[in-house]
>>> print(open('query-v2.txt').read())   # compact mmCIF, C-alpha atoms
# COMPACT_ATOMS: atom_id res chain seq x y z
CA MET D 241 0.66 -19.90 27.83
CA THR D 242 4.06 -18.22 28.22
CA THR D 243 4.14 -14.59 27.18
CA LEU D 244 6.97 -13.91 24.71
CA ALA D 245 8.97 -10.74 24.31
CA PRO D 246 8.64 -9.18 20.84
CA ALA D 247 12.16 -10.26 19.79
CA GLU D 248 11.47 -13.84 20.87
CA ALA D 249 8.17 -13.84 19.00
CA TYR D 250 9.90 -12.80 15.76
CA ALA D 251 12.59 -15.45 16.27
CA ASP D 252 9.95 -18.14 16.86
CA ALA D 253 8.09 -17.03 13.74
CA PHE D 254 11.27 -17.24 11.67
CA GLU D 255 11.97 -20.76 12.94
CA ALA D 256 8.41 -21.81 12.15
CA VAL D 257 8.67 -20.53 8.58
CA ARG D 258 12.09 -22.10 8.15
CA ARG D 259 10.78 -25.50 9.24
CA THR D 260 7.44 -25.57 7.47
CA ALA D 261 7.44 -23.28 4.41
CA ALA D 262 8.96 -25.15 1.50
CA ALA D 263 11.11 -23.09 -0.84
CA PRO D 264 14.13 -23.36 -3.17
CA ASP D 265 17.59 -23.06 -1.64
CA GLY D 266 17.98 -19.50 -2.91
CA VAL D 267 14.85 -18.34 -1.08
CA VAL D 268 15.84 -20.21 2.07
CA ASP D 269 19.17 -18.38 2.07
CA LEU D 270 17.42 -15.07 1.34
CA ARG D 271 15.15 -15.57 4.36
CA ARG D 272 18.16 -16.21 6.61
CA ARG D 273 20.01 -13.13 5.43
CA ALA D 274 16.87 -11.01 5.77
CA PHE D 275 16.27 -12.12 9.36
CA GLU D 276 19.86 -11.35 10.27
CA ARG D 277 19.43 -7.91 8.78
CA PHE D 278 16.12 -7.31 10.58
CA THR D 279 17.72 -8.34 13.86
CA ALA D 280 20.52 -5.82 13.24
CA LEU D 281 18.17 -2.99 12.24
CA GLY D 282 15.40 -3.52 14.79
CA VAL D 283 11.97 -1.91 14.56
CA PRO D 284 12.38 1.75 13.45
CA THR D 285 12.26 4.51 16.06
CA THR D 286 11.62 8.24 15.81
CA ARG D 287 15.37 8.78 15.95
CA LEU D 288 15.50 7.78 12.30
CA GLU D 289 14.77 10.64 9.89
CA ALA D 290 12.40 8.54 7.77
CA TRP D 291 10.36 7.70 10.90
CA ARG D 292 10.72 10.98 12.79
CA PHE D 293 6.98 11.70 12.90
CA THR D 294 5.79 8.08 12.98
CA ASN D 295 6.02 6.40 16.35
CA VAL D 296 5.55 2.65 15.90
CA ALA D 297 6.22 1.84 19.57
CA PRO D 298 2.82 0.07 19.83
CA ILE D 299 4.09 -2.34 17.17
CA ALA D 300 7.58 -2.65 18.62
CA ASN D 301 6.24 -3.41 22.09
CA THR D 302 3.78 -6.11 21.02
CA ALA D 303 4.72 -9.77 20.70
CA PHE D 304 2.89 -10.73 17.50
CA THR D 305 2.70 -14.40 16.61
CA LEU D 306 2.20 -15.78 13.12
CA ALA D 307 -1.48 -15.99 12.25
CA THR D 308 -2.82 -19.49 11.71
CA PRO D 309 -5.55 -20.53 9.26
CA ALA D 310 -8.84 -19.09 10.49
CA GLU D 311 -12.02 -21.00 11.15
CA ARG D 312 -14.32 -20.97 8.14
CA GLU D 313 -17.15 -18.91 9.66
CA ALA D 314 -14.81 -16.30 11.17
CA ALA D 315 -12.99 -15.95 7.88
CA LYS D 316 -16.28 -15.49 5.98
CA ALA D 317 -17.45 -12.82 8.44
CA ASP D 318 -14.22 -10.82 8.16
CA THR D 319 -14.00 -11.19 4.37
CA ALA D 320 -17.55 -10.25 3.37
CA PRO D 321 -17.30 -6.44 3.84
CA HIS D 322 -14.20 -6.26 1.63
CA ALA D 323 -15.32 -8.26 -1.39
CA LEU D 324 -15.54 -5.97 -4.41
CA GLY D 325 -17.04 -8.34 -6.96
CA ILE D 326 -14.80 -7.09 -9.74
CA GLY D 327 -13.91 -10.35 -11.47
CA ALA D 328 -10.88 -12.60 -11.18
CA GLY D 329 -8.90 -12.78 -8.00
CA LEU D 330 -7.24 -14.59 -5.12
CA LEU D 331 -8.31 -14.61 -1.46
CA PHE D 332 -5.82 -14.85 1.38
CA VAL D 333 -6.95 -15.27 4.99
CA ASN D 334 -4.33 -15.00 7.75
CA GLY D 335 -1.61 -14.96 5.14
CA ARG D 336 -2.70 -18.22 3.47
CA HIS D 337 -4.24 -18.67 0.05
CA VAL D 338 -7.84 -19.90 0.17
CA ALA D 339 -8.17 -21.79 -3.11
CA PRO D 340 -11.91 -22.62 -2.94
CA ALA D 341 -12.76 -18.91 -2.66
CA SER D 342 -10.43 -17.84 -5.48
CA ASP D 343 -11.26 -17.76 -9.17
CA VAL D 344 -8.93 -16.85 -12.01
CA SER D 345 -10.45 -19.12 -14.64
CA ALA D 346 -11.65 -16.33 -16.94
CA LEU D 347 -8.26 -14.74 -17.55
CA PRO D 348 -6.63 -14.75 -21.00
CA ASP D 349 -4.34 -17.60 -21.97
CA GLY D 350 -0.84 -17.23 -20.63
CA VAL D 351 -1.75 -14.97 -17.70
CA GLU D 352 -0.67 -16.50 -14.39
CA VAL D 353 -2.27 -15.54 -11.06
CA LEU D 354 -0.84 -17.93 -8.49
CA SER D 355 -0.20 -18.48 -4.81
CA LEU D 356 3.43 -17.68 -4.01
CA ALA D 357 3.59 -20.61 -1.57
CA ASP D 358 2.41 -23.00 -4.28
CA VAL D 359 5.00 -21.67 -6.72
CA LEU D 360 7.88 -21.95 -4.24
CA ALA D 361 6.85 -25.46 -3.21
CA SER D 362 6.47 -26.71 -6.78
CA ASP D 363 9.00 -28.76 -8.70
CA ALA D 364 11.61 -26.83 -10.65
CA ASN D 365 9.97 -25.12 -13.64
CA GLU D 366 10.11 -21.87 -15.59
CA THR D 367 7.61 -20.07 -13.35
CA ARG D 368 9.41 -21.01 -10.14
CA ALA D 369 12.77 -20.01 -11.58
CA ALA D 370 11.41 -16.64 -12.70
CA VAL D 371 9.76 -15.97 -9.34
CA GLU D 372 12.87 -16.99 -7.42
CA ALA D 373 14.97 -14.62 -9.52
CA ARG D 374 12.52 -11.74 -9.12
CA VAL D 375 11.27 -12.11 -5.58
CA ALA D 376 13.80 -9.72 -4.06
CA SER D 377 15.01 -7.86 -7.13
CA GLY D 378 13.25 -4.59 -6.33
CA ALA D 379 12.65 -4.63 -2.58
CA GLY D 380 15.98 -4.38 -0.79
CA ILE D 381 16.46 -5.61 2.75
CA GLU D 382 19.50 -3.56 3.71
CA ASN D 383 17.86 -0.41 5.04
CA GLU D 384 14.17 -1.21 5.45
CA ALA D 385 13.49 -3.14 8.64
CA PHE D 386 9.90 -4.11 7.88
CA THR D 387 10.83 -5.21 4.35
CA ALA D 388 13.60 -7.33 5.85
CA LEU D 389 11.08 -8.86 8.27
CA ASN D 390 8.63 -9.58 5.45
CA THR D 391 11.41 -11.28 3.48
CA ALA D 392 12.58 -13.28 6.49
CA LEU D 393 9.05 -14.62 6.98
CA LEU D 394 8.36 -15.00 3.24
CA HIS D 395 5.77 -17.72 2.79
CA ASP D 396 2.65 -16.89 0.79
CA GLY D 397 1.25 -14.12 -1.32
CA ALA D 398 0.34 -13.52 -4.94
CA VAL D 399 2.28 -13.94 -8.16
CA VAL D 400 0.80 -12.21 -11.21
CA ARG D 401 2.59 -12.64 -14.56
CA VAL D 402 1.20 -11.10 -17.73
CA PRO D 403 2.98 -12.11 -20.94
CA ALA D 404 3.94 -9.65 -23.66
CA ASP D 405 1.21 -8.23 -25.93
CA THR D 406 -1.58 -9.43 -23.61
CA VAL D 407 -4.47 -7.21 -22.55
CA VAL D 408 -6.30 -8.25 -19.37
CA GLU D 409 -9.69 -6.58 -19.60
CA GLN D 410 -11.10 -7.34 -16.13
CA PRO D 411 -9.35 -6.21 -12.95
CA ILE D 412 -7.53 -8.77 -10.83
CA GLN D 413 -8.27 -8.50 -7.10
CA LEU D 414 -5.86 -9.73 -4.43
CA LEU D 415 -7.76 -9.73 -1.15
CA PHE D 416 -5.83 -10.11 2.11
CA ILE D 417 -7.86 -10.55 5.30
CA THR D 418 -6.61 -11.06 8.85
CA SER D 419 -9.04 -12.97 11.07
CA PRO D 420 -7.57 -12.89 14.62
CA PRO D 421 -8.39 -15.70 17.06
CA PRO D 422 -11.33 -15.22 19.45
CA GLY D 423 -9.01 -14.80 22.42
CA GLY D 424 -7.54 -11.60 21.04
CA GLU D 425 -3.93 -12.81 20.83
CA PRO D 426 -1.99 -10.33 18.61
CA VAL D 427 -1.16 -11.96 15.29
CA MET D 428 0.80 -10.92 12.20
CA THR D 429 0.86 -11.70 8.49
CA HIS D 430 3.51 -10.88 5.90
CA PRO D 431 1.98 -11.06 2.40
CA ARG D 432 4.16 -10.69 -0.67
CA VAL D 433 2.93 -9.58 -4.10
CA LEU D 434 4.98 -9.98 -7.27
CA LEU D 435 3.56 -8.38 -10.44
CA VAL D 436 5.52 -8.87 -13.66
CA VAL D 437 4.05 -7.33 -16.82
CA GLY D 438 5.57 -8.01 -20.21
CA GLU D 439 6.20 -5.68 -23.12
CA ASN D 440 3.07 -4.01 -24.55
CA ALA D 441 0.85 -5.81 -21.99
CA GLN D 442 -1.94 -4.12 -20.03
CA VAL D 443 -3.43 -5.03 -16.63
CA ARG D 444 -5.31 -3.62 -13.62
CA VAL D 445 -4.55 -5.07 -10.18
CA VAL D 446 -6.35 -4.28 -6.92
CA GLU D 447 -4.74 -5.07 -3.56
CA SER D 448 -7.26 -4.96 -0.68
CA TYR D 449 -6.45 -5.31 3.03
CA GLY D 450 -8.79 -5.68 5.99
CA GLY D 451 -9.29 -7.58 9.22
CA GLY D 452 -11.17 -8.37 12.41
CA ASP D 453 -11.42 -6.46 15.66
CA SER D 454 -8.50 -7.89 17.69
CA PRO D 455 -4.96 -6.47 17.44
CA TYR D 456 -2.96 -7.61 14.41
CA LEU D 457 -0.13 -6.51 12.12
CA THR D 458 -0.17 -6.67 8.35
CA ASN D 459 3.34 -6.17 6.95
CA THR D 460 3.16 -6.35 3.18
CA VAL D 461 5.64 -5.90 0.32
CA SER D 462 4.68 -5.52 -3.34
CA GLU D 463 7.09 -5.60 -6.26
CA VAL D 464 6.05 -4.38 -9.70
CA ILE D 465 8.18 -4.89 -12.81
CA ALA D 466 6.73 -3.39 -16.00
CA GLY D 467 8.37 -4.03 -19.34
CA PRO D 468 8.68 -1.63 -22.29
CA SER D 469 5.38 0.03 -23.25
CA ALA D 470 3.47 -1.90 -20.59
CA VAL D 471 0.42 -0.27 -19.00
CA VAL D 472 -0.23 -1.04 -15.32
CA ASP D 473 -3.10 0.45 -13.30
CA HIS D 474 -2.61 -0.43 -9.62
CA TYR D 475 -4.92 0.10 -6.63
CA LYS D 476 -4.26 -0.41 -2.95
CA LEU D 477 -7.20 -0.26 -0.54
CA VAL D 478 -6.33 -0.24 3.18
CA ARG D 479 -9.44 -0.85 5.27
CA GLU D 480 -7.88 -2.37 8.36
CA SER D 481 -9.87 -2.43 11.60
CA PRO D 482 -9.34 0.27 14.27
CA THR D 483 -7.11 -2.20 16.16
CA GLY D 484 -5.05 -3.21 13.12
CA TYR D 485 -1.58 -1.99 12.15
CA HIS D 486 -0.55 -1.85 8.50
CA ILE D 487 2.98 -1.44 7.15
CA GLY D 488 3.21 -1.56 3.37
CA ALA D 489 6.05 -1.12 0.89
CA MET D 490 5.71 -0.99 -2.89
CA HIS D 491 8.77 -1.12 -5.15
CA VAL D 492 8.18 -0.35 -8.84
CA ARG D 493 10.62 -0.67 -11.76
CA LEU D 494 9.45 0.71 -15.12
CA GLY D 495 10.94 -0.01 -18.53
CA ARG D 496 11.05 2.22 -21.61
CA ALA D 497 7.74 3.98 -22.39
CA ALA D 498 5.89 2.10 -19.65
CA ASN D 499 2.83 3.73 -18.12
CA PHE D 500 2.20 3.07 -14.42
CA SER D 501 -0.48 4.54 -12.18
CA SER D 502 -1.09 3.81 -8.50
CA HIS D 503 -4.05 4.81 -6.35
CA ALA D 504 -3.59 4.24 -2.61
CA VAL D 505 -6.73 4.70 -0.50
CA THR D 506 -6.38 4.45 3.29
CA LEU D 507 -9.64 4.28 5.25
CA GLY D 508 -8.76 2.25 8.32
CA GLY D 509 -6.08 1.09 10.74
CA ALA D 510 -4.65 2.41 14.02
CA ILE D 511 -1.23 3.03 12.43
CA VAL D 512 -0.77 2.86 8.66
CA ARG D 513 2.49 3.39 6.81
CA ASN D 514 2.51 3.30 3.00
CA ASP D 515 5.91 3.45 1.26
CA ALA D 516 5.95 3.74 -2.53
CA GLN D 517 9.20 3.78 -4.49
CA ALA D 518 9.31 3.98 -8.28
CA LEU D 519 12.37 3.73 -10.52
CA LEU D 520 11.80 5.19 -14.00
CA ASP D 521 14.43 3.09 -15.73
CA GLY D 522 13.75 3.80 -19.40
CA GLU D 523 13.06 6.77 -21.64
CA GLY D 524 9.50 7.99 -22.08
CA VAL D 525 8.07 6.52 -18.87
CA GLU D 526 4.90 7.98 -17.32
CA CYS D 527 4.33 7.40 -13.61
CA THR D 528 1.38 8.54 -11.48
CA LEU D 529 1.12 8.13 -7.71
CA ASN D 530 -2.19 9.21 -6.18
CA GLY D 531 -3.39 8.81 -2.61
CA LEU D 532 -6.44 9.53 -0.46
CA TYR D 533 -6.38 9.04 3.31
CA LEU D 534 -8.98 9.59 6.02
CA ALA D 535 -8.33 9.41 9.76
CA ASN D 536 -10.06 10.28 13.00
CA GLY D 537 -9.63 9.59 16.72
CA SER D 538 -5.95 9.05 17.52
CA ARG D 539 -5.12 7.23 14.27
CA LEU D 540 -1.90 7.84 12.34
CA VAL D 541 -1.47 7.60 8.56
CA ASP D 542 1.98 8.01 7.00
CA ASN D 543 2.59 8.17 3.24
CA HIS D 544 6.20 8.16 2.00
CA THR D 545 6.89 8.29 -1.75
CA THR D 546 10.08 8.33 -3.80
CA ILE D 547 10.16 8.69 -7.59
CA HIS D 548 13.60 8.26 -9.12
CA HIS D 549 13.95 9.66 -12.64
CA ALA D 550 16.93 7.71 -13.95
CA GLN D 551 16.42 8.27 -17.71
CA PRO D 552 15.49 11.27 -19.90
CA HIS D 553 12.07 12.26 -21.29
CA CYS D 554 10.05 10.85 -18.38
CA SER D 555 7.13 12.39 -16.51
CA SER D 556 5.68 11.80 -13.07
CA HIS D 557 2.61 13.14 -11.29
CA GLU D 558 1.67 12.87 -7.62
CA LEU D 559 -1.49 13.99 -5.88
CA TYR D 560 -2.14 13.03 -2.25
CA LYS D 561 -5.11 14.29 -0.24
CA GLY D 562 -5.92 13.74 3.41
CA ILE D 563 -8.96 14.42 5.61
CA LEU D 564 -8.23 14.42 9.35
CA ASP D 565 -10.59 14.74 12.30
CA GLY D 566 -10.34 14.38 16.08
CA GLU D 567 -6.73 13.97 17.22
CA ALA D 568 -5.65 12.15 14.09
CA ARG D 569 -2.17 12.65 12.68
CA ALA D 570 -0.79 12.26 9.21
CA VAL D 571 2.62 12.36 7.58
CA PHE D 572 3.44 12.97 3.94
CA ASN D 573 7.00 12.82 2.66
CA GLY D 574 7.39 12.93 -1.10
CA LYS D 575 10.80 12.84 -2.74
CA ILE D 576 11.60 13.32 -6.42
CA ILE D 577 15.13 12.42 -7.55
CA VAL D 578 16.32 13.48 -11.00
CA ALA D 579 19.57 11.84 -12.09
CA ILE D 580 22.23 13.71 -14.00
CA ASP D 581 21.29 12.01 -17.29
CA ALA D 582 17.53 12.44 -16.84
CA GLN D 583 17.16 15.53 -19.03
CA LYS D 584 13.70 16.72 -20.13
CA THR D 585 12.15 15.41 -16.91
CA ASP D 586 8.65 16.69 -16.08
CA ALA D 587 7.67 16.04 -12.46
CA LYS D 588 4.78 17.42 -10.41
CA GLN D 589 3.95 16.70 -6.78
CA THR D 590 1.06 18.00 -4.65
CA ASN D 591 -0.11 17.18 -1.13
CA LYS D 592 -3.28 18.72 0.32
CA ALA D 593 -4.68 18.15 3.79
CA LEU D 594 -8.04 19.14 5.21
CA LEU D 595 -8.15 19.44 9.01
CA LEU D 596 -11.63 19.19 10.51
CA SER D 597 -10.59 19.80 14.11
CA GLU D 598 -8.11 21.96 15.96
CA ASP D 599 -6.33 18.90 17.35
CA ALA D 600 -5.71 17.14 14.02
CA GLN D 601 -2.29 17.70 12.48
CA ILE D 602 -0.10 16.76 9.54
CA ASN D 603 3.64 16.88 8.96
CA THR D 604 4.33 17.35 5.27
CA LYS D 605 7.75 17.41 3.62
CA PRO D 606 8.09 17.65 -0.17
CA GLU D 607 11.65 17.09 -1.43
CA LEU D 608 13.47 17.60 -4.73
CA GLU D 609 16.95 16.29 -5.56
CA ILE D 610 17.81 17.51 -9.05
CA PHE D 611 21.13 16.72 -10.73
CA ALA D 612 20.10 17.54 -14.32
CA ASP D 613 19.72 21.07 -15.72
CA ASP D 614 16.99 20.76 -18.38
CA VAL D 615 14.00 19.75 -16.25
CA LYS D 616 10.60 21.00 -15.15
CA CYS D 617 9.84 20.05 -11.53
CA THR D 618 7.28 21.49 -9.15
CA HIS D 619 6.00 20.57 -5.73
CA GLY D 620 3.54 22.06 -3.28
CA ALA D 621 1.72 21.39 -0.03
CA THR D 622 -1.36 23.02 1.46
CA VAL D 623 -2.96 22.49 4.86
CA GLY D 624 -6.21 24.14 5.85
CA GLN D 625 -9.72 23.92 7.21
CA LEU D 626 -13.09 24.18 5.49
CA ASP D 627 -13.58 27.47 3.69
CA GLU D 628 -15.91 29.65 5.78
CA ASP D 629 -17.10 31.59 2.72
CA ALA D 630 -18.05 28.37 0.96
CA LEU D 631 -19.89 27.17 4.07
CA PHE D 632 -21.78 30.45 4.24
CA TYR D 633 -22.66 30.22 0.53
CA LEU D 634 -24.11 26.71 0.91
CA ARG D 635 -25.99 27.53 4.11
CA ALA D 636 -27.46 30.63 2.49
CA ARG D 637 -29.00 28.31 -0.08
CA GLY D 638 -30.82 26.19 2.47
CA LEU D 639 -28.30 23.55 3.56
CA GLY D 640 -27.79 22.89 7.25
CA LEU D 641 -24.31 23.22 8.74
CA GLU D 642 -23.55 19.48 8.73
CA GLN D 643 -24.90 19.08 5.19
CA ALA D 644 -22.77 21.98 4.00
CA ARG D 645 -19.65 20.55 5.67
CA SER D 646 -20.34 17.13 4.13
CA ALA D 647 -20.73 18.62 0.66
CA LEU D 648 -17.38 20.42 0.89
CA ILE D 649 -15.54 17.41 2.29
CA HIS D 650 -16.99 15.16 -0.40
CA ALA D 651 -15.96 17.62 -3.11
CA PHE D 652 -12.42 17.67 -1.68
CA ALA D 653 -12.16 13.87 -1.86
CA SER D 654 -14.00 13.44 -5.16
CA ASP D 655 -11.09 14.93 -7.09
CA LEU D 656 -9.14 11.77 -6.34
CA LEU D 657 -12.02 9.30 -6.43
CA ASN D 658 -12.77 10.41 -9.98
CA HIS D 659 -9.32 9.15 -11.03
CA ILE D 660 -10.32 5.57 -10.12
CA ALA D 661 -11.12 3.79 -13.37
CA VAL D 662 -12.61 0.63 -11.83
CA GLU D 663 -16.25 1.58 -11.40
CA PRO D 664 -17.22 -0.85 -8.59
CA ILE D 665 -14.29 0.41 -6.49
CA ARG D 666 -15.12 4.04 -7.15
CA GLU D 667 -18.78 3.55 -6.30
CA GLN D 668 -18.09 1.60 -3.11
CA LEU D 669 -15.54 4.13 -1.86
CA ASP D 670 -17.91 6.96 -2.68
CA ASP D 671 -20.69 5.26 -0.72
CA LEU D 672 -18.38 4.65 2.24
CA LEU D 673 -17.28 8.27 2.25
CA LEU D 674 -20.84 9.61 2.02
CA ALA D 675 -22.02 7.31 4.81
CA ASP D 676 -19.34 8.52 7.16
CA LEU D 677 -19.39 12.26 6.60
CA PRO D 678 -20.64 14.61 9.33
CA GLY D 679 -24.42 14.56 9.55
CA SER D 680 -24.76 11.18 7.87
CA GLY D 681 -25.36 9.29 11.11
CA GLY D 682 -22.45 6.96 10.34
CA GLY D 683 -19.84 8.16 12.79
CA SER D 684 -16.94 10.09 11.36
CA PHE D 685 -14.53 8.06 9.23
CA HIS D 686 -15.11 4.63 10.68
CA VAL D 687 -15.42 2.86 7.34
CA CYS D 688 -14.05 -0.55 8.19
>>> encode(input="query-v2.txt", output="structure tokens")
Amino acid sequence: MTTLAPAEAYADAFEAVRRTAAAPDGVVDLRRRAFERFTALGVPTTRLEAWRFTNVAPIANTAFTLATPAEREAAKADTAPHALGIGAGLLFVNGRHVAPASDVSALPDGVEVLSLADVLASDANETRAAVEARVASGAGIENEAFTALNTALLHDGAVVRVPADTVVEQPIQLLFITSPPPGGEPVMTHPRVLLVVGENAQVRVVESYGGGDSPYLTNTVSEVIAGPSAVVDHYKLVRESPTGYHIGAMHVRLGRAANFSSHAVTLGGAIVRNDAQALLDGEGVECTLNGLYLANGSRLVDNHTTIHHAQPHCSSHELYKGILDGEARAVFNGKIIVAIDAQKTDAKQTNKALLLSEDAQINTKPELEIFADDVKCTHGATVGQLDEDALFYLRARGLGLEQARSALIHAFASDLLNHIAVEPIREQLDDLLLADLPGSGGGSFHVC
């Protein structure tokens, strides 16, 4: 087999999608323009300010090929640890929808949870027209190389549409698993998620990502459009393998009085980049972005957030917490933009990192860009180690050193876990954290 250079591998993947992935003319043209833009941008380097502390050379130097449908038994083995058992949902293995393992039959009338590939390949209808119009409305391709690449290779993913005045009681899980071939050839997938929630509707959506032990790249883009007074509770669980790379972008647009909350939990992956951008595009919007990330060894976790207050009387809250051990590195860059007309804005941002070793490090950069004068905005960042006084207090009451350290680390993380409203997710994450804390016998932070 001829070894391809990375650029040739991307070009071959684009040609394969162009030939085989049916889509309307508008999407075909969008793919072409996106690939041209990706070719012009190239994979980001540390010379770019937004990537200054995140070296993705291991990704840039690897010739990933498009993942092909996995064998049944391999797919089952890679999927089992990530199943949450929370109700309705779709399963995707190697970027392809697995219909027999998906079940959305119990959802309310009018709610659509569909395979993007099926929608794009269908005859012209209202759903296809709406998806085609929305598919790139929030995630631009001009300045984001990985988003451009995802769009160029747009094939499958999930479409969730909730009509106005509809309450979806049970969470909807979208499970994306990469099952690399036995030979260890590096593969890539590019899932796309489109979530459109109508006026006064309510829904919870869980995106879960995981994979096997060979090298792979998951490059995902999620677009969320919430109508007036909609309530959206969103979860993203990244549990990639230690040899997996994960690049994720989420673009959110919120209408008047919408309420959006996001909880991003990163527990795996060699390099993980989570970008979250929210546009508060109506008065009275409430937006919450929370994140918890754990890393050990030489892993790198990068969280970039941008909340754009475009209208008055909106509030936003951010709380990100990280626990780093070994030689792990993390990056947090949080930006709040307040437009000139966004008076009465209330925005709070906090990032806290707990370093368990002298070699772990984090680069944190909170940013405020305020163009209005009647606002209340705060931001803060703290980086530290376990409190020696607290350790002494616990040990004086009979706990061993490792037990005391575990108790303090768990308390640090529990603040965010307690914000997770889906009980099976909260319980599973709590169990994973407890099993991997020092003294548990599980090996620090290997929770994949």
>>> residues_around(input="query-v2.txt", residues="D:His619", least_positions_apart="5", cutoff="10 Å", atoms="all atoms listed in the file", output="PyMOL selection string")
chain D and resi 557-559+574-576+587-591+606-608
>>> closest_residue(input="query-v2.txt", among="D:Leu393, D:Val445, D:Val437, D:Ile417", to="D:Ile665", atoms="only C-alpha atoms")
D:Val445
>>> closest_residue(input="query-v2.txt", among="D:His549, D:Arg645, D:Lys561, D:Lys605", to="D:Leu674", atoms="all atoms listed in the file")
D:Arg645
>>> atom_distance(input="query-v2.txt", atom1="atom CA of D:Gly282", atom2="atom CA of D:Pro421")
26.8 Å
>>> closest_residue(input="query-v2.txt", among="D:Ala644, D:Val541, D:Ala290, D:Leu330", to="D:Ile602", atoms="only C-alpha atoms")
D:Val541
>>> residues_near_point(input="query-v2.txt", point="(19.5, -15.5, 4.5)", cutoff="12 Å", atoms="only C-alpha atoms", output="MDAnalysis selection string")
chainID D and resid 254 258 265:279 376 381:382 388:389 391:394
>>> residues_around(input="query-v2.txt", residues="D:Thr528", least_positions_apart="4", cutoff="9 Å", atoms="all atoms listed in the file", output="VMD selection string")
chain D and resid 499 to 503 555 to 559
>>> atom_distance(input="query-v2.txt", atom1="atom CA of D:Leu507", atom2="atom CA of D:Ser419")
18.2 Å
>>> residues_around(input="query-v2.txt", residues="D:Gln625", least_positions_apart="4", cutoff="9 Å", atoms="all atoms listed in the file", output="short mmCIF file (atom, residue, chain, number, x, y, z; two decimals) with C-alpha atoms, keeping the file's coordinate frame")
data_model
loop_
_atom_site.label_atom_id
_atom_site.label_comp_id
_atom_site.auth_asym_id
_atom_site.auth_seq_id
_atom_site.Cartn_x
_atom_site.Cartn_y
_atom_site.Cartn_z
CA ALA D 593 -4.68 18.15 3.79
CA LEU D 594 -8.04 19.14 5.21
CA LEU D 595 -8.15 19.44 9.01
CA LEU D 596 -11.63 19.19 10.51
CA SER D 597 -10.59 19.80 14.11
#
>>> atom_distance(input="query-v2.txt", atom1="atom CA of D:Val436", atom2="atom CA of D:Ala470")
10.0 Å
>>> residues_around(input="query-v2.txt", residues="stretch 657-660 of chain D", least_positions_apart="4", cutoff="10 Å", atoms="all atoms listed in the file", output="PyMOL selection string")
chain D and resi 473-475+502-503+505+530-532+650-653+664-667+669-670
>>> residues_around(input="query-v2.txt", residues="D:Ala612", least_positions_apart="3", cutoff="7 Å", atoms="only C-alpha atoms", output="NGL selection string")
:D and (578-583 or 615)
